[in-house]
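Q: target-v1.txt is reproduced below (compact mmCIF, C-alpha atoms).
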# COMPACT_ATOMS: atom_id res chain seq x y z
CA MET F 1 0.00 0.00 0.00
CA PRO F 2 1.25 3.54 -0.69
CA PRO F 3 2.24 5.64 2.35
CA SER F 4 -0.72 7.33 4.00
CA HIS F 5 1.23 10.52 4.71
CA ARG F 6 4.36 12.22 3.46
CA VAL F 7 6.84 13.75 5.90
CA ALA F 8 9.98 15.85 5.41
CA VAL F 9 12.87 15.34 7.83
CA ILE F 10 15.43 18.15 8.06
CA GLY F 11 18.88 16.77 8.85
CA ALA F 12 20.61 13.38 8.55
CA GLY F 13 22.59 13.35 11.76
CA ALA F 14 21.70 10.93 14.54
CA ALA F 15 18.32 12.59 15.15
CA GLY F 16 17.35 12.79 11.49
CA LEU F 17 18.41 9.21 10.80
CA ALA F 18 16.41 7.95 13.78
CA ALA F 19 13.38 9.92 12.58
CA THR F 20 13.74 8.60 9.04
CA LYS F 21 13.95 5.01 10.25
CA ALA F 22 11.01 5.31 12.64
CA LEU F 23 8.78 6.86 9.98
CA LEU F 24 9.69 4.22 7.41
CA ASP F 25 9.06 1.49 10.00
CA GLU F 26 5.53 2.85 10.39
CA GLY F 27 4.86 3.00 6.65
CA VAL F 28 5.12 6.78 6.34
CA GLY F 29 6.62 8.32 3.21
CA VAL F 30 9.84 10.19 4.01
CA VAL F 31 12.21 12.59 2.28
CA THR F 32 15.22 13.64 4.37
CA TYR F 33 17.20 16.77 3.55
CA GLU F 34 20.89 16.91 4.44
CA GLN F 35 23.26 19.79 3.78
CA GLY F 36 26.32 17.54 3.96
CA ASP F 37 27.56 14.81 1.68
CA ARG F 38 27.01 11.80 3.96
CA PRO F 39 24.96 10.59 6.93
CA GLY F 40 26.22 11.34 10.41
CA GLY F 41 25.77 15.07 10.82
CA LEU F 42 28.09 16.64 13.37
CA TRP F 43 29.98 13.38 13.96
CA ALA F 44 31.20 13.31 10.35
CA ARG F 45 34.52 15.15 10.31
CA ASP F 46 35.20 17.08 7.09
CA ASN F 47 31.56 16.79 6.11
CA ALA F 48 30.76 18.99 3.13
CA SER F 49 28.27 20.93 5.28
CA GLY F 50 31.19 22.55 7.11
CA LEU F 51 29.18 22.35 10.35
CA SER F 52 30.89 19.46 12.13
CA PRO F 53 32.83 20.47 15.26
CA ALA F 54 34.49 17.03 15.54
CA TYR F 55 38.26 16.81 16.05
CA PRO F 56 40.64 13.83 16.03
CA SER F 57 40.80 13.36 19.81
CA LEU F 58 37.03 13.58 20.29
CA HIS F 59 35.41 10.56 21.95
CA LEU F 60 32.02 9.84 23.45
CA ASN F 61 31.62 11.16 26.96
CA THR F 62 28.89 8.60 27.66
CA SER F 63 29.61 4.88 27.50
CA LYS F 64 28.59 2.86 24.45
CA GLY F 65 26.08 0.81 26.45
CA ARG F 66 24.25 3.98 27.44
CA THR F 67 24.67 5.64 24.03
CA GLU F 68 23.83 3.07 21.36
CA PHE F 69 20.51 2.94 19.55
CA ALA F 70 18.33 0.19 21.00
CA ASP F 71 17.63 -0.95 17.43
CA PHE F 72 21.32 -1.06 16.48
CA PRO F 73 23.73 -2.09 19.28
CA MET F 74 27.36 -1.06 18.94
CA PRO F 75 29.89 -3.85 18.32
CA ARG F 76 30.87 -5.65 21.52
CA GLN F 77 34.57 -5.39 20.69
CA TRP F 78 34.46 -1.59 20.62
CA PRO F 79 35.95 0.35 23.51
CA ASP F 80 33.61 1.69 26.17
CA TYR F 81 34.08 5.23 24.84
CA PRO F 82 34.28 5.13 21.02
CA SER F 83 35.98 7.87 19.01
CA ALA F 84 34.20 10.41 16.84
CA ASP F 85 35.35 8.54 13.74
CA LEU F 86 33.88 5.27 15.04
CA MET F 87 30.65 7.12 15.79
CA ALA F 88 30.55 8.60 12.28
CA GLY F 89 31.00 5.11 10.83
CA TYR F 90 28.34 3.73 13.16
CA LEU F 91 25.80 6.23 11.83
CA VAL F 92 26.74 5.44 8.22
CA ASP F 93 26.26 1.74 8.98
CA TYR F 94 22.91 2.47 10.68
CA SER F 95 21.74 4.33 7.59
CA ALA F 96 22.80 1.49 5.31
CA GLU F 97 21.46 -1.32 7.53
CA PHE F 98 17.93 0.08 7.57
CA GLY F 99 17.78 1.35 4.01
CA LEU F 100 17.72 5.02 4.94
CA THR F 101 20.38 6.36 2.59
CA GLY F 102 18.17 6.21 -0.49
CA HIS F 103 15.65 8.49 1.19
CA ILE F 104 18.23 11.23 1.87
CA ARG F 105 18.86 14.17 -0.45
CA PHE F 106 22.49 14.99 0.21
CA ARG F 107 24.11 18.39 -0.44
CA THR F 108 20.65 19.93 -0.15
CA ALA F 109 20.27 22.85 2.22
CA VAL F 110 16.78 23.86 3.32
CA ALA F 111 16.13 27.57 2.90
CA SER F 112 12.61 27.72 4.34
CA VAL F 113 9.82 25.59 5.78
CA GLU F 114 6.45 27.31 5.53
CA ARG F 115 2.90 26.36 6.35
CA ALA F 116 0.93 25.94 3.13
CA GLU F 117 -2.79 25.69 2.47
CA ASP F 118 -2.81 21.92 2.82
CA GLY F 119 0.43 21.13 4.61
CA TRP F 120 4.00 22.39 4.56
CA THR F 121 6.20 23.68 1.74
CA VAL F 122 9.91 22.96 1.96
CA THR F 123 12.10 25.20 -0.21
CA THR F 124 15.73 24.28 -0.81
CA GLY F 125 18.67 26.60 -1.30
CA THR F 126 18.36 26.13 -5.07
CA GLY F 127 14.70 27.17 -5.03
CA GLU F 128 13.21 23.70 -5.43
CA LYS F 129 9.87 23.35 -3.61
CA ASP F 130 7.99 20.32 -2.39
CA ARG F 131 4.85 19.80 -0.28
CA TYR F 132 4.50 17.57 2.78
CA ASP F 133 1.82 16.65 5.27
CA ALA F 134 4.24 17.13 8.16
CA VAL F 135 7.80 18.18 8.98
CA VAL F 136 10.29 16.80 11.49
CA VAL F 137 13.03 19.26 12.41
CA ALA F 138 16.25 17.40 13.28
CA ASN F 139 18.97 19.91 12.40
CA GLY F 140 20.89 19.67 15.69
CA HIS F 141 21.97 22.46 18.02
CA ASN F 142 25.74 22.08 18.43
CA TRP F 143 26.89 23.82 15.26
CA GLN F 144 26.16 27.56 15.67
CA PRO F 145 28.95 28.93 17.93
CA SER F 146 28.01 31.05 20.92
CA TRP F 147 30.55 33.78 21.65
CA PRO F 148 30.75 35.76 24.89
CA GLU F 149 27.99 38.34 24.90
CA PRO F 150 28.61 41.10 25.64
CA ALA F 151 32.24 40.83 24.58
CA TYR F 152 34.86 41.33 27.26
CA PRO F 153 36.23 44.88 27.62
CA GLY F 154 39.45 45.78 25.85
CA SER F 155 41.14 44.39 22.77
CA PHE F 156 43.34 41.38 22.09
CA ASP F 157 46.31 41.36 19.71
CA GLY F 158 46.61 37.59 19.36
CA ARG F 159 44.47 34.96 17.68
CA GLN F 160 40.92 34.20 18.83
CA THR F 161 39.01 31.10 17.76
CA HIS F 162 35.95 29.15 18.81
CA ALA F 163 36.09 25.50 19.86
CA HIS F 164 33.85 24.72 16.87
CA ASP F 165 36.79 25.42 14.55
CA TYR F 166 39.35 23.31 16.45
CA ARG F 167 40.83 20.54 14.32
CA GLY F 168 44.10 19.64 16.05
CA PRO F 169 46.77 20.89 18.47
CA GLU F 170 49.50 21.93 16.01
CA VAL F 171 48.06 25.47 15.84
CA PHE F 172 49.10 25.82 19.51
CA ARG F 173 52.70 24.70 19.15
CA ASP F 174 55.01 27.00 21.11
CA ARG F 175 52.12 29.39 21.76
CA ARG F 176 50.79 30.64 25.08
CA VAL F 177 47.22 29.31 25.12
CA LEU F 178 44.11 30.26 27.07
CA VAL F 179 40.99 28.07 26.88
CA VAL F 180 37.79 29.66 28.17
CA GLY F 181 35.06 27.26 29.31
CA MET F 182 34.46 24.19 31.44
CA GLY F 183 32.63 21.86 29.07
CA ASN F 184 33.89 18.66 27.48
CA SER F 185 35.38 20.40 24.45
CA ALA F 186 37.19 22.91 26.65
CA MET F 187 38.83 20.07 28.59
CA ASP F 188 39.76 18.12 25.46
CA ILE F 189 41.31 21.16 23.81
CA ALA F 190 43.20 22.20 26.95
CA VAL F 191 44.64 18.70 27.29
CA ASP F 192 45.59 18.50 23.59
CA ALA F 193 47.18 21.95 23.67
CA SER F 194 49.14 21.17 26.84
CA ASN F 195 51.26 18.68 24.89
CA VAL F 196 52.59 21.32 22.48
CA ALA F 197 51.98 24.76 24.00
CA ARG F 198 54.54 27.10 25.51
CA GLY F 199 54.13 26.89 29.27
CA PRO F 200 50.99 25.63 31.00
CA VAL F 201 47.70 26.02 29.17
CA LEU F 202 45.45 28.39 31.10
CA LEU F 203 41.88 27.19 31.71
CA SER F 204 39.50 30.01 32.62
CA ALA F 205 35.94 29.69 33.91
CA ARG F 206 33.49 31.99 35.64
CA ARG F 207 31.44 29.06 36.92
CA GLY F 208 32.49 25.66 38.14
CA VAL F 209 31.18 22.26 37.09
CA HIS F 210 31.47 18.77 38.47
CA ILE F 211 34.19 16.80 36.71
CA VAL F 212 33.40 13.11 36.42
CA PRO F 213 36.06 10.64 35.27
CA LYS F 214 35.04 8.16 32.61
CA TYR F 215 35.53 5.28 35.04
CA LEU F 216 34.48 5.06 38.67
CA PHE F 217 35.47 2.01 40.68
CA GLY F 218 36.48 0.14 37.53
CA ARG F 219 33.28 0.66 35.56
CA PRO F 220 32.03 3.37 33.16
CA SER F 221 30.88 6.20 35.38
CA ASP F 222 27.39 6.31 33.85
CA ALA F 223 26.81 2.56 34.34
CA THR F 224 24.96 3.10 37.61
CA GLY F 225 22.56 5.63 36.07
CA GLY F 226 19.84 3.15 35.15
CA ALA F 227 19.91 1.48 38.56
CA LEU F 228 19.59 4.82 40.37
CA ALA F 229 16.87 6.14 38.04
CA VAL F 230 14.09 4.81 40.26
CA LEU F 231 15.18 7.22 43.01
CA PRO F 232 14.17 10.89 43.20
CA TRP F 233 16.82 13.01 41.56
CA ARG F 234 17.86 14.68 44.83
CA VAL F 235 18.52 11.26 46.37
CA ARG F 236 20.46 10.23 43.26
CA GLN F 237 22.40 13.47 43.56
CA ARG F 238 23.50 12.70 47.11
CA VAL F 239 24.45 9.10 46.33
CA ALA F 240 26.37 9.90 43.13
CA GLY F 241 27.95 13.02 44.65
CA THR F 242 29.31 11.00 47.56
CA MET F 243 30.75 8.41 45.17
CA LEU F 244 32.40 11.14 43.12
CA ARG F 245 33.96 12.87 46.13
CA LEU F 246 35.36 9.56 47.38
CA ALA F 247 36.83 8.74 43.98
CA VAL F 248 38.38 12.05 42.87
CA GLY F 249 37.58 14.76 45.41
CA THR F 250 36.08 18.15 44.59
CA PRO F 251 36.96 20.46 41.67
CA GLN F 252 38.33 22.94 44.20
CA ARG F 253 40.99 20.39 45.10
CA TYR F 254 42.39 20.91 41.59
CA GLY F 255 42.22 24.69 41.71
CA LEU F 256 38.94 24.92 39.78
CA PRO F 257 35.92 26.97 40.91
CA ALA F 258 33.25 25.31 43.01
CA PRO F 259 30.30 23.99 40.97
CA GLU F 260 27.02 25.86 41.01
CA GLY F 261 24.49 23.38 42.36
CA GLY F 262 24.88 19.71 42.98
CA LEU F 263 25.50 16.85 40.63
CA PHE F 264 22.61 16.29 38.14
CA GLN F 265 21.62 19.97 38.32
CA ASN F 266 24.10 21.14 35.72
CA HIS F 267 25.65 18.97 33.06
CA PRO F 268 28.94 17.58 34.40
CA THR F 269 32.13 17.50 32.39
CA ILE F 270 33.35 13.97 31.65
CA SER F 271 37.13 13.73 31.55
CA ASP F 272 39.90 11.56 32.95
CA THR F 273 42.79 13.49 31.49
CA ILE F 274 42.09 17.04 32.63
CA LEU F 275 42.63 16.19 36.29
CA HIS F 276 45.92 14.50 35.42
CA ARG F 277 47.15 17.55 33.47
CA LEU F 278 46.07 19.91 36.25
CA THR F 279 47.90 17.96 38.94
CA HIS F 280 51.03 17.84 36.76
CA GLY F 281 50.98 21.58 36.13
CA GLU F 282 50.54 21.25 32.37
CA VAL F 283 47.14 22.98 32.66
CA ALA F 284 46.64 25.82 35.14
CA ALA F 285 43.22 26.93 36.39
CA ARG F 286 42.26 30.59 36.24
CA PRO F 287 39.08 32.43 37.24
CA GLY F 288 36.91 34.43 34.86
CA ILE F 289 38.26 37.16 32.58
CA GLU F 290 38.01 40.78 33.64
CA ARG F 291 39.38 42.39 30.46
CA LEU F 292 41.67 41.96 27.47
CA ALA F 293 44.77 44.16 27.17
CA GLY F 294 46.74 43.67 23.96
CA ASP F 295 48.83 40.53 24.40
CA THR F 296 47.68 40.13 28.01
CA VAL F 297 44.55 38.78 29.68
CA VAL F 298 43.55 40.19 33.07
CA PHE F 299 41.59 37.84 35.31
CA THR F 300 39.05 38.66 38.01
CA ASP F 301 41.52 37.80 40.80
CA GLY F 302 43.83 40.57 39.59
CA ARG F 303 46.39 38.33 37.90
CA SER F 304 47.43 39.06 34.33
CA GLU F 305 49.01 36.60 31.91
CA PRO F 306 50.58 36.94 28.45
CA VAL F 307 48.53 34.99 25.90
CA ASP F 308 49.00 34.30 22.17
CA VAL F 309 45.80 32.33 21.46
CA ILE F 310 42.36 32.37 23.09
CA VAL F 311 40.01 29.45 22.45
CA TRP F 312 36.43 30.32 23.33
CA ALA F 313 34.87 26.99 24.32
CA THR F 314 31.67 28.82 25.17
CA GLY F 315 29.12 26.47 23.68
CA TYR F 316 26.49 26.77 20.99
CA ARG F 317 23.17 28.45 20.47
CA VAL F 318 20.07 26.89 18.98
CA HIS F 319 19.58 28.07 15.41
CA ILE F 320 16.72 27.00 13.15
CA PRO F 321 17.16 29.40 10.23
CA PHE F 322 14.54 27.86 7.94
CA LEU F 323 11.61 28.43 10.34
CA SER F 324 10.17 31.88 10.95
CA ALA F 325 9.69 33.43 14.40
CA ARG F 326 6.03 32.47 14.17
CA TRP F 327 7.04 28.86 14.77
CA VAL F 328 10.11 29.15 17.00
CA GLY F 329 9.65 32.55 18.66
CA ASP F 330 12.47 34.95 19.38
CA ASP F 331 14.53 32.28 21.14
CA PRO F 332 14.25 28.65 19.98
CA GLU F 333 15.78 27.52 23.30
CA ARG F 334 12.52 28.56 24.96
CA LEU F 335 10.23 26.85 22.45
CA PRO F 336 7.57 24.87 24.36
CA LEU F 337 6.97 21.41 22.92
CA TYR F 338 4.74 18.62 24.13
CA GLN F 339 7.04 15.77 25.19
CA ARG F 340 9.84 17.92 23.66
CA VAL F 341 8.53 16.77 20.27
CA PHE F 342 5.22 18.34 19.19
CA HIS F 343 4.57 22.00 18.45
CA LEU F 344 1.69 23.18 20.63
CA GLU F 345 0.02 25.24 17.92
CA ASP F 346 0.34 22.74 15.09
CA PRO F 347 1.52 19.18 15.83
CA SER F 348 2.13 18.52 12.15
CA LEU F 349 5.42 20.24 13.01
CA ALA F 350 7.61 18.05 15.21
CA PHE F 351 11.16 18.22 16.57
CA VAL F 352 13.62 15.45 17.28
CA GLY F 353 16.76 16.33 19.25
CA LEU F 354 15.77 19.79 20.50
CA MET F 355 16.61 18.93 24.09
CA GLN F 356 19.47 18.91 26.57
CA SER F 357 19.80 15.56 28.28
CA THR F 358 21.53 14.50 31.47
CA GLY F 359 22.76 11.48 29.51
CA ALA F 360 23.43 10.39 25.95
CA ALA F 361 21.55 11.82 23.00
CA LEU F 362 21.04 8.79 20.75
CA PRO F 363 18.55 6.82 22.90
CA VAL F 364 16.59 10.04 23.44
CA VAL F 365 16.29 10.92 19.75
CA GLU F 366 15.40 7.30 18.99
CA ALA F 367 12.54 7.48 21.50
CA GLN F 368 11.40 10.87 20.20
CA ALA F 369 11.48 9.57 16.64
CA LYS F 370 9.28 6.61 17.55
CA LEU F 371 6.82 8.94 19.27
CA ALA F 372 6.63 11.23 16.24
CA ALA F 373 6.28 8.25 13.88
CA ALA F 374 3.47 6.79 15.96
CA TRP F 375 1.58 10.08 15.59
CA PHE F 376 2.18 10.59 11.89
CA SER F 377 1.26 6.99 11.08
CA GLY F 378 -2.08 7.23 12.88
CA GLY F 379 -1.13 4.76 15.61
CA TYR F 380 -1.15 7.26 18.47
CA ALA F 381 -3.37 10.15 19.53
CA LEU F 382 -2.23 13.31 21.27
CA PRO F 383 -4.09 14.56 24.34
CA ALA F 384 -6.29 17.64 24.05
CA PRO F 385 -4.40 20.91 23.41
CA GLN F 386 -5.12 22.26 26.89
CA GLU F 387 -3.76 19.07 28.46
CA GLN F 388 -0.61 19.36 26.34
CA ARG F 389 -0.12 22.94 27.55
CA ARG F 390 -0.57 21.94 31.19
CA ALA F 391 1.97 19.13 30.79
CA VAL F 392 4.50 21.53 29.25
CA ASP F 393 3.95 24.03 32.05
CA ARG F 394 4.45 21.35 34.70
CA ALA F 395 7.66 20.16 33.04
CA LEU F 396 8.97 23.72 32.87
CA ARG F 397 8.30 24.38 36.56
CA ALA F 398 10.12 21.18 37.50
CA ALA F 399 13.04 22.04 35.21
CA VAL F 400 13.41 25.53 36.64
CA ALA F 401 13.36 24.12 40.17
CA ARG F 402 16.13 21.70 39.26
CA TRP F 403 18.24 23.52 36.67
CA GLY F 404 17.45 27.19 37.11
CA ASP F 405 17.10 29.54 34.16
CA ARG F 406 19.66 27.99 31.83
CA ARG F 407 17.73 26.33 28.99
CA PRO F 408 14.96 25.01 31.28
CA GLN F 409 12.54 24.31 28.40
CA MET F 410 15.09 21.99 26.77
CA ARG F 411 16.17 20.06 29.86
CA ILE F 412 15.29 16.42 30.36
CA ASP F 413 16.34 13.72 32.81
CA PHE F 414 17.70 10.96 30.56
CA ASP F 415 16.35 7.85 32.31
CA ARG F 416 13.05 9.38 33.43
CA TYR F 417 12.41 10.79 29.98
CA LEU F 418 12.93 7.46 28.19
CA VAL F 419 10.50 5.75 30.55
CA GLY F 420 8.05 8.63 30.13
CA VAL F 421 8.06 8.47 26.33
CA ALA F 422 7.34 4.74 26.34
CA ARG F 423 4.41 5.37 28.68
CA GLU F 424 3.20 8.25 26.53
CA ILE F 425 3.09 6.07 23.41
CA ALA F 426 1.01 3.51 25.31
CA ALA F 427 -1.26 6.26 26.64
CA GLY F 428 -1.70 7.67 23.13
CA ARG F 429 -2.74 4.30 21.80
CA ALA F 430 -5.27 4.04 24.60
CA ARG F 431 -6.61 7.51 23.74
CA LEU F 432 -6.98 6.34 20.16
CA ARG F 433 -9.03 3.33 21.27
CA ARG F 434 -11.27 5.65 23.24
CA GLY F 435 -12.02 7.66 20.11
CA ALA F 436 -9.41 10.42 20.18
CA ARG F 437 -8.50 11.91 16.83
CA PRO F 438 -5.43 10.53 15.02
CA PHE F 439 -3.14 12.58 12.81
CA THR F 440 -4.67 13.75 9.56
CA ALA F 441 -3.21 15.89 6.80
CA PRO F 442 -3.19 19.53 8.01
CA ALA F 443 -6.25 21.65 7.41
CA PRO F 444 -5.79 24.96 5.61
CA GLU F 445 -4.40 27.76 7.77
CA GLY F 446 -7.02 29.34 9.96
CA SER F 447 -9.17 26.19 10.08
CA PRO F 448 -9.86 24.51 13.44
CA VAL F 449 -7.22 21.89 14.25
Translate the structure of the given file into structure tokens.
A:
Amino acid sequence: MPPSHRVAVIGAGAAGLAATKALLDEGVGVVTYEQGDRPGGLWARDNASGLSPAYPSLHLNTSKGRTEFADFPMPRQWPDYPSADLMAGYLVDYSAEFGLTGHIRFRTAVASVERAEDGWTVTTGTGEKDRYDAVVVANGHNWQPSWPEPAYPGSFDGRQTHAHDYRGPEVFRDRRVLVVGMGNSAMDIAVDASNVARGPVLLSARRGVHIVPKYLFGRPSDATGGALAVLPWRVRQRVAGTMLRLAVGTPQRYGLPAPEGGLFQNHPTISDTILHRLTHGEVAARPGIERLAGDTVVFTDGRSEPVDVIVWATGYRVHIPFLSARWVGDDPERLPLYQRVFHLEDPSLAFVGLMQSTGAALPVVEAQAKLAAAWFSGGYALPAPQEQRRAVDRALRAAVARWGDRRPQMRIDFDRYLVGVAREIAAGRARLRRGARPFTAPAPEGSPV
């Protein structure tokens, strides 16, 4: 039988591939648009899209057992923390194994996605247009660099670069290097640079984070996550925090600033090597920057240091350039979505991967993809719009209470979320049996949904 609906997927990274597979599994017609020349998205180094931030030393910071797709386990002989290149190959193999590659239009950028009279119109960068019953946005959110805003006072005579553009340590050879940030990329780059730089690499941060080694007590540090998931997050926080302090001590012990909040409130940094380089003096901790002064950086504790290169490892901002503000508002990070998937005003627009997880991304996008596919195939019914809004509001209040005002709409608890999505799919099937309305092709704009 021909597909009952036709859906466009934007992006062929992990999220887009999972969405493509889930939709095909449910008999939905799919066309996937990918700006690059291969599957894999941000994991694919030297992708023609130019958007990948991957570098040679990049590895997973979550273990393979907690990262792999449920439908496509990683090879048993792989290390616990595979490299970026292994991950890129894994996604290529996933695409080939499930027949996804033939549904992807490579080297095809999407210029706009607009609501049409009877669905959605996708326009490519070359002006080609096509109509769909629904759209799944899966373009990722770790490719548009976020720079310090406002910029620090003063001027700097040396080289400034963002972590997104880092490709290897040779650019730091015999240079005095400052890395700004406390995330995983900041730690990787500081460690890489410390092997070739002139003097210790300076690591500056205004706020502290918990640093978790990749192994605790001989096992991957995230291996206990599933077992602890049944506990309230504050109890998990105390248990895991105690284990971490016993194993490696506090960040302050290594000269780093104290974390804001406890473990599981802000995303920890996963690194074995940074603590080693700090204790050996190859990386030196510094507080936040006060100002720039030619070839010198002045820190908030009054110290000043000569610097040749500044690496701003200051993260990324969510950017969905093909959707107008009508659909994503002024700040896509604050976009409310039911189950972090469905647009509240028009659920024929869905998102996969627009979240910030306490754990790995791949199992989350796989679950989101299956939820979206269940809806678009007619096998699941959404709750009433007012119930969706109440659920989103409840989730936001809980996120603010736990994580504060940093991306609260996007935050999810990895284990709880996966359990919740499975329950939601079952609940949606039950709603369908009780007579709730399944997905149908969108009505013209202005018509009752």
Q: Looking at all atoms listed in the file, which of F:Ala190, F:Val239, F:Val122, F:Leu337 is the one that sits closest to Thr108 of chain F?
A: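 Using all atoms listed in the file, the shortest distance to Thr108 of chain F belongs to F:Val122.
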Q: If you measure from atom CA of Ala373 of chain F to atom CA of Thr20 of chain F, what distance in Å do you get, rounded to one decimal?
A: 8.9 Å
Q: With all atoms listed in the file as the basis for distance, which of F:Arg66, F:Arg234, F:Arg38, F:Lys129 is at the shortest distance from Asp93 of chain F?
A: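 Counting all atoms listed in the file, the residue closest to Asp93 of chain F is F:Arg38.
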Q: Which of these residues is nearest to Arg6 of chain F, using all atoms listed in the file: F:Ile425, F:Val309, F:Val171, F:Ala441?
A: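 Nearest to Arg6 of chain F: F:Ala441.
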Q: Padding 4 Å on every side, please: axis-aligned box over the listed atoms of segment 179-196 of chain F, centre and edge lengths to one decimal in Å, as JSON.
A:
{"center_x": 42.6, "center_y": 23.9, "center_z": 27.0, "size_x": 28.0, "size_y": 19.5, "size_z": 17.0}
Q: Residues near segment 377-391 of chain F, anyone? I mean within 7 Å using only C-alpha atoms, not counting same-chain ones fewer than 4 positions away, as a PyMOL selection string.
A: chain F and resi 26-28+338+373+395+425+428-429+431-432+436-439
Q: For the contact check between segment 317-364 of chain F and segment 68-71 of chain F, emit one row per residue of segment 317-364 of chain F within 10 Å, containing the shortest atom pair and the distance in Å rounded to one decimal, counting all atoms listed in the file, chain then rising number order, as a tab-separated table.
A:
residue	atom	partner	partner_atom	distance
F:Ala360	CA	F:Glu68	CA	8.6
F:Ala361	CA	F:Glu68	CA	9.2
F:Leu362	CA	F:Phe69	CA	6.0
F:Pro363	CA	F:Phe69	CA	5.5
F:Val364	CA	F:Phe69	CA	9.0
